[in-house]
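**Student:** First the structure, then my questions, so here it is.
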Amino acid sequence: MANRKRKNQIVIRLSDEEYQKYIEQVEKSKLTQNDFFVRCVTKKKIIVVDGLKETLIELKRIGVNINQISKNLNGGIFQGADKELKAIKEEFAKVNDTMLELLKGVK
């Protein structure tokens with residue numbers, strides 16, 4: 001116990017209503033009670049975005065499909081779609097970058 005970084009302990013008392021709100025917020029944050037409390041005390045942001053990881057996985061799948069289309073376009077299988085595909089790839093890259101930035105804030 002002497003080597004612990006956080007060796008100080010506190011005890012707080014909450015009403016049933018306060019405790020319920022606290023537990024709801026902790027569960028929503030997907031953090032431990034200790035981490036949640038420390039973030040509150042140190043005024044660090046607690047960001048919760050439901051479904052973000054699943055959305056990022058789906059975006060990766062879409063990116064693979066776009067790359068396959070690009071490969072076929074460059075191989076001459078598709079013709080006349082290069083402008084549209086380039087625009088789609090640029091928009092996809094923007095969405096993907098935004099999702100990655102959001103994901104960095106959710107830990």
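FYI, nothing fancy with the structure tokens labels: chains A, B, ... in order, residues from 1 per chain, ligands from 1 as they appear.
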Skip A:Gly63 itself and residues of its chain fewer than 6 positions away, then list as a list in words all residues within 9 Å of it, counting only C-alpha atoms.

**Tutor:**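 Here the answer would be Lys89, Phe92, Ala93 and Asn96 of chain A.
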
**Student:** What lies within 12 Å of A:Asp82 using only C-alpha atoms, ignoring chain neighbours under 5 positions off, as a PyMOL selection string?

**Tutor:** chain A and resi 66+69-77+87-89

**Student:** So how many Å separate atom CA of A:Glu84 and atom CA of A:Glu101, to one decimal?

**Tutor:**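 Atom-to-atom, atom CA of A:Glu84 to atom CA of A:Glu101, that is 26.1 Å.
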
**Student:** Give me, as a count of residues only, the residues of chain A that a backbone DSSP run labels helix (DSSP H, G or I).

**Tutor:** 70

**Student:** Return as JSON lines the residues of stretch 24-73 of chain A lying at most 12 Å from stretch 1-10 of chain A, together with the closest atom-to-atom pair for each and the distance in Å to one decimal, counting only C-alpha atoms, with rows in chain order and ascending residue number.

**Tutor:**
```
{"residue": "A:Asn34", "atom": "CA", "partner": "A:Arg6", "partner_atom": "CA", "distance": 10.5}
{"residue": "A:Asp35", "atom": "CA", "partner": "A:Arg6", "partner_atom": "CA", "distance": 11.5}
{"residue": "A:Phe37", "atom": "CA", "partner": "A:Ile10", "partner_atom": "CA", "distance": 11.2}
{"residue": "A:Val38", "atom": "CA", "partner": "A:Arg6", "partner_atom": "CA", "distance": 10.4}
```

**Student:** Determine, counting only C-alpha atoms, which protein, DNA and RNA residues have an atom within 12 Å of an atom of A:Cys40; residues of the same chain fewer than 6 positions away are not included. Present the result as a list of chain:residue names.

**Tutor:** A:Tyr22, A:Gln25, A:Val26, A:Ser29, A:Leu31, A:Gln33, A:Asn34, A:Ile46, A:Ile47

**Student:** Could you write those residues out with all heavy atoms, as a PDB file, in the first residue's frame?

**Tutor:**
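Printed below is result.pdb as written:
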```pdb
ATOM      1  N   TYR A  22     -25.741   9.090  -9.333  1.00  0.00           N
ATOM      2  CA  TYR A  22     -24.310   8.830  -9.453  1.00  0.00           C
ATOM      3  C   TYR A  22     -24.061   7.517 -10.188  1.00  0.00           C
ATOM      4  O   TYR A  22     -23.268   7.475 -11.136  1.00  0.00           O
ATOM      5  CB  TYR A  22     -23.683   8.798  -8.048  1.00  0.00           C
ATOM      6  CG  TYR A  22     -22.246   8.333  -8.019  1.00  0.00           C
ATOM      7  CD1 TYR A  22     -21.229   9.142  -8.505  1.00  0.00           C
ATOM      8  CD2 TYR A  22     -21.911   7.088  -7.508  1.00  0.00           C
ATOM      9  CE1 TYR A  22     -19.908   8.720  -8.478  1.00  0.00           C
ATOM     10  CE2 TYR A  22     -20.594   6.654  -7.475  1.00  0.00           C
ATOM     11  CZ  TYR A  22     -19.600   7.486  -7.966  1.00  0.00           C
ATOM     12  OH  TYR A  22     -18.303   7.049  -7.946  1.00  0.00           O
ATOM     13  N   GLN A  25     -24.823   7.763 -13.897  1.00  0.00           N
ATOM     14  CA  GLN A  25     -23.783   8.488 -14.626  1.00  0.00           C
ATOM     15  C   GLN A  25     -22.519   7.636 -14.793  1.00  0.00           C
ATOM     16  O   GLN A  25     -21.886   7.655 -15.845  1.00  0.00           O
ATOM     17  CB  GLN A  25     -23.439   9.802 -13.907  1.00  0.00           C
ATOM     18  CG  GLN A  25     -24.555  10.820 -13.941  1.00  0.00           C
ATOM     19  CD  GLN A  25     -24.878  11.270 -15.346  1.00  0.00           C
ATOM     20  OE1 GLN A  25     -23.985  11.534 -16.147  1.00  0.00           O
ATOM     21  NE2 GLN A  25     -26.146  11.352 -15.665  1.00  0.00           N
ATOM     22  N   VAL A  26     -22.174   6.886 -13.760  1.00  0.00           N
ATOM     23  CA  VAL A  26     -21.000   6.013 -13.846  1.00  0.00           C
ATOM     24  C   VAL A  26     -21.224   4.956 -14.915  1.00  0.00           C
ATOM     25  O   VAL A  26     -20.356   4.710 -15.762  1.00  0.00           O
ATOM     26  CB  VAL A  26     -20.691   5.358 -12.477  1.00  0.00           C
ATOM     27  CG1 VAL A  26     -19.651   4.250 -12.633  1.00  0.00           C
ATOM     28  CG2 VAL A  26     -20.216   6.396 -11.482  1.00  0.00           C
ATOM     29  N   SER A  29     -21.029   6.365 -18.353  1.00  0.00           N
ATOM     30  CA  SER A  29     -19.666   6.731 -18.750  1.00  0.00           C
ATOM     31  C   SER A  29     -18.811   5.526 -19.112  1.00  0.00           C
ATOM     32  O   SER A  29     -17.779   5.668 -19.752  1.00  0.00           O
ATOM     33  CB  SER A  29     -18.974   7.496 -17.623  1.00  0.00           C
ATOM     34  OG  SER A  29     -18.633   6.629 -16.557  1.00  0.00           O
ATOM     35  N   LEU A  31     -16.975   3.957 -17.162  1.00  0.00           N
ATOM     36  CA  LEU A  31     -15.758   4.039 -16.368  1.00  0.00           C
ATOM     37  C   LEU A  31     -15.997   3.339 -15.035  1.00  0.00           C
ATOM     38  O   LEU A  31     -17.135   3.064 -14.672  1.00  0.00           O
ATOM     39  CB  LEU A  31     -15.400   5.510 -16.090  1.00  0.00           C
ATOM     40  CG  LEU A  31     -15.096   6.401 -17.287  1.00  0.00           C
ATOM     41  CD1 LEU A  31     -15.020   7.859 -16.857  1.00  0.00           C
ATOM     42  CD2 LEU A  31     -13.787   5.981 -17.939  1.00  0.00           C
ATOM     43  N   GLN A  33     -16.109   3.453 -10.921  1.00  0.00           N
ATOM     44  CA  GLN A  33     -16.564   4.522 -10.026  1.00  0.00           C
ATOM     45  C   GLN A  33     -15.400   5.426  -9.647  1.00  0.00           C
ATOM     46  O   GLN A  33     -15.549   6.654  -9.604  1.00  0.00           O
ATOM     47  CB  GLN A  33     -17.210   3.939  -8.773  1.00  0.00           C
ATOM     48  CG  GLN A  33     -18.560   3.324  -9.031  1.00  0.00           C
ATOM     49  CD  GLN A  33     -19.245   2.875  -7.757  1.00  0.00           C
ATOM     50  OE1 GLN A  33     -18.948   3.352  -6.664  1.00  0.00           O
ATOM     51  NE2 GLN A  33     -20.178   1.947  -7.894  1.00  0.00           N
ATOM     52  N   ASN A  34     -14.256   4.835  -9.379  1.00  0.00           N
ATOM     53  CA  ASN A  34     -13.079   5.624  -9.008  1.00  0.00           C
ATOM     54  C   ASN A  34     -12.654   6.549 -10.147  1.00  0.00           C
ATOM     55  O   ASN A  34     -12.428   7.749  -9.942  1.00  0.00           O
ATOM     56  CB  ASN A  34     -11.928   4.688  -8.623  1.00  0.00           C
ATOM     57  CG  ASN A  34     -10.773   5.444  -8.017  1.00  0.00           C
ATOM     58  OD1 ASN A  34     -10.881   5.962  -6.920  1.00  0.00           O
ATOM     59  ND2 ASN A  34      -9.666   5.512  -8.754  1.00  0.00           N
ATOM     60  N   ILE A  46     -15.853  13.934 -19.709  1.00  0.00           N
ATOM     61  CA  ILE A  46     -16.324  12.557 -19.808  1.00  0.00           C
ATOM     62  C   ILE A  46     -17.260  12.527 -21.004  1.00  0.00           C
ATOM     63  O   ILE A  46     -18.342  13.100 -20.971  1.00  0.00           O
ATOM     64  CB  ILE A  46     -17.055  12.107 -18.531  1.00  0.00           C
ATOM     65  CG1 ILE A  46     -16.119  12.195 -17.336  1.00  0.00           C
ATOM     66  CG2 ILE A  46     -17.603  10.695 -18.703  1.00  0.00           C
ATOM     67  CD1 ILE A  46     -16.786  11.962 -15.997  1.00  0.00           C
ATOM     68  N   ILE A  47     -16.809  11.908 -22.084  1.00  0.00           N
ATOM     69  CA  ILE A  47     -17.565  11.884 -23.328  1.00  0.00           C
ATOM     70  C   ILE A  47     -18.038  10.463 -23.586  1.00  0.00           C
ATOM     71  O   ILE A  47     -17.247   9.530 -23.555  1.00  0.00           O
ATOM     72  CB  ILE A  47     -16.703  12.366 -24.513  1.00  0.00           C
ATOM     73  CG1 ILE A  47     -16.197  13.785 -24.245  1.00  0.00           C
ATOM     74  CG2 ILE A  47     -17.493  12.292 -25.816  1.00  0.00           C
ATOM     75  CD1 ILE A  47     -15.159  14.253 -25.231  1.00  0.00           C
TER      76      ILE A  47
END
```
